[in-house]
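Since the structure comes first, as structure tokens, the remarks are kept for the end.
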Protein chains: 2
Amino acid sequence: MRIGIVGLGLIGGSLAWDLSCLGHQIWGVSQRPETCDLALKQGIAHRAGTDLALMNQVEVVFLCTPLGVMVKTALALVPHLQPGAVLTDVGSVKAPLVAAIAPHWPGFIGGHPMAGTAEQGLQAAQSQLFRDRPYVLTPQTITPAYALATMVELVEQLQANLHQCSPEHHDRAVAWISHLPVVVSASLISACGQEPDPQVLSLARALASSGFRDTSRVGGGNPELGVMMARFNREALLSALGEYQQELDRACKLIHREDWAALAAWLQRAHEDRPPFIKD
Amino acid sequence: MRIGIVGLGLIGGSLAWDLSCLGHQIWGVSQRPETCDLALKQGIAHRAGTDLALMNQVEVVFLCTPLGVMVKTALALVPHLQPGAVLTDVGSVKAPLVAAIAPHWPGFIGGHPMAGTAEQGLQAAQSQLFRDRPYVLTPQTITPAYALATMVELVEQLQANLHQCSPEHHDRAVAWISHLPVVVSASLISACGQEPDPQVLSLARALASSGFRDTSRVGGGNPELGVMMARFNREALLSALGEYQQELDRACKLIHREDWAALAAWLQRAHEDRPPFIKD
């Protein structure tokens, strides 16, 4: 298959890597000529350039730009696509992207390969990044069967774990397990910074261990990504945050009124509710 | 030195292990005769029994019982101690223990070796559990110099990282980095359980990855330990929870009114504030 990849960063580059190894023809587009040169030099793209017109002869295009420019890039790309081309994206939020792009291209289907590293850019691209990882496709009733079939085949070739759901269900699910934890975790770091006594703050830093490290990890991540997920998944995130505030408030009240039996039951439920979310 | 250890679980057993290797005489007390037998068989205790009267000839006693029975055990132990004996504990909260025990024994000094595993009991004991880990001592102005000197020497022999502070400072520091994360993390698990649509809940479980795993880890831990830390460190925990609720509320408001510049600045601060808490 001749496959186009727009945006040769970590995700786009890793897709190019695996798909070229699988025997597909990869044509890549990046804003930066140096990135195009690197992709050609690495052999993960057969053609590469800065002009979206390069996408006029490919059968499938993966949109792999940052979330913030995804719609703009899609609209600029559409006039170049050949009839019947399948267009998909890799954005971590689906409903607003699908709503903005689908009306402009019939062969569009939203996607979200849930893999990554702490690194960014083509230099960080790696083979088999998507293997055994979730890859969500969000077809709608208007999505043509050929677009879904093509993407299902490619996801299977990548050996990713395919999930299909509506864009809205995707966004609510990732609000719970991905976006809510960022705000919860960042609030923990920010709260600690409110300790007024420098001796206590310094002691807290010295004594912090794996528990604090793990709970604070995603909150201390890339601020730009955090803002993007809040902007694009605002409603689902606010709804999850509302539920979270209620649970937190419940715990505070139990501790305040020293209802240790109820606190034990609440912690026991959390203890039992966690394993279904954990795979290894 | 002849050292007594009351409570031969993970911490008591691991202390017995290292201190016996260092050449000290270890006399152990456990409520369960089988545990005494095991300690003798493992060679980590030279004498072991179920009677606190066994502590009447030791120079130092480590109280290693669960937090909930620490004070009761200390008060039962005190009549058996020889004059000049140093008494210390390993409880994860200090102010209430120090306040309850110190008036009854002049040679008492609070301690908190900050090490552990997910396992419990003597079977889980291991050598060098405390090496390169924080060991907090909480002397007061009334603490005799010999008690502090003895404990400083033993902590150094264990190759732990010694910290000295007041019981109150210890409790505020661990509220931030150990007890607050438990409530924050358990609330995350509980909130996800509030998702009303079983399809979304099932998808969330399937898509959850390292971010959710890490952020939810301490909240899904041992409920009894969670209740103990809330009971014994209630005031410091409630104060930390109050600050946390304010930070969370701040983030919610920024997202609600779509103030992305301020959200970016808030996340950037969290990003910068985290590294001093992280050692590796």
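Each chain in the structure tokens gets a letter, A, B and so on, in the order shown; residues start at 1 in every chain, and ligands are counted from 1 in the order they appear.
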
DSSP on the backbone: which residues in range 76-180 of chain B end up as strand (DSSP E)? Give the answer as a list in words.
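Listing strand (DSSP E) positions across range 76-180 of chain B yields Val86, Leu87, Thr88, Asp89, Phe108, Ile109, Gly110, Gly111, His112, Pro113, Pro134, Tyr135, Val136, Leu137, Thr138, Asn161, Leu162, His163 and Gln164 of chain B.
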
Within 12 Å of range 115-129 of chain B using only C-alpha atoms, minus same-chain residues under 4 positions, as a ChimeraX atom specification
/A:207-211 /B:7-22,28,30,32,34-42,44-45,64-66,90-92,133-136,155,157-161,217-218,220-222,225

Would you mind telling me which residue in B:Gly68, B:Pro33, B:Pro196, B:Pro223 lies nearest to chain A when using only C-alpha atoms?
B:Pro223

For His170 in chain B, find every residue with an atom within 10 Å (counting only C-alpha atoms), except residues of its own chain fewer than 2 positions away, and show them as a CSV table (one decimal) with C-alpha atoms, in the first residue's frame.
chain,number,residue,atom,x,y,z
A,200,VAL,CA,9.3,21.0,56.6
A,203,LEU,CA,12.4,17.5,54.9
A,204,ALA,CA,9.5,16.4,52.7
A,207,LEU,CA,11.9,11.9,52.6
B,92,SER,CA,5.3,6.0,60.6
B,93,VAL,CA,3.8,8.8,62.6
B,94,LYS,CA,5.7,10.4,65.4
B,95,ALA,CA,4.0,13.2,67.4
B,111,GLY,CA,12.3,6.9,65.1
B,112,HIS,CA,11.0,6.1,61.6
B,136,VAL,CA,14.3,9.8,60.9
B,137,LEU,CA,15.0,10.4,64.6
B,138,THR,CA,12.8,12.8,66.4
B,163,HIS,CA,17.5,12.8,59.4
B,164,GLN,CA,16.8,14.6,62.7
B,165,CYS,CA,13.7,16.8,63.3
B,166,SER,CA,10.9,17.4,65.7
B,167,PRO,CA,8.0,14.9,65.8
B,168,GLU,CA,5.7,17.6,64.5
B,172,ARG,CA,3.8,17.3,58.5
B,173,ALA,CA,6.5,16.2,56.0
B,174,VAL,CA,5.2,12.6,55.7
B,175,ALA,CA,1.6,14.0,55.4

Show me, as a PyMOL selection string, the residues that have an atom within 8 Å of Leu241 in chain B when counting only C-alpha atoms, minus same-chain residues fewer than 4 positions from it.
(chain A and resi 252) or (chain B and resi 180+237+245)

What parts of range 184-274 of chain A does DSSP call alpha helix (DSSP H)? I'd like the answer as a ChimeraX atom specification.
/A:184-192,198-207,210-216,223-232,234-256,260-273

Please, which residues in range 218-243 of chain A fall within 9 Å of range 190-194 of chain B when counting only C-alpha atoms, and what is the closest atom pair and distance in Å to one decimal for each, ordered by chain then residue number, as CSV?
residue,atom,partner,partner_atom,distance
A:Ala240,CA,B:Ala191,CA,7.3
A:Leu241,CA,B:Ala191,CA,8.4
A:Gly242,CA,B:Ala191,CA,8.9
A:Glu243,CA,B:Ala191,CA,5.5

Contacts of range 54-60 of chain B within 7 Å, only C-alpha atoms, excl. fewer than 5 positions in-chain, as a list in words:
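Skipping anything fewer than 5 positions along the chain leaves Met1, Arg2, Ile3, Gly4, His80, Leu81, Gln82, Ala85, Val86 and Leu87 of chain B.
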
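One finds CA of Leu63 in chain A at 6.1 Å from CA of Thr88 in chain A.
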
Compare B:Leu97, B:Trp266, B:Leu77, B:His104 by their minimum atom-to-atom distance to Lys253 in chain B, counting only C-alpha atoms, and give me the closest one.
B:Trp266

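Distances to Arg250 in chain A were evaluated for B:Ser187, B:Gln140, B:Thr73, B:Gln199 using only C-alpha atoms, and the minimum falls at B:Ser187.
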
Can you tell me how far CA of Leu238 in chain A sits from CA of Pro198 in chain B, in Å to one decimal?
19.7 Å

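Here CA of Thr215 in chain B and CA of Gly226 in chain A stand 15.3 Å from one another.
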
Calculated over only C-alpha atoms, which of the candidates A:Met70, A:Ile109, A:Leu162, A:Met114 has the smallest distance to Thr141 in chain A?
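Going through A:Met70, A:Ile109, A:Leu162, A:Met114 one by one, the smallest distance to Thr141 in chain A is for A:Ile109.
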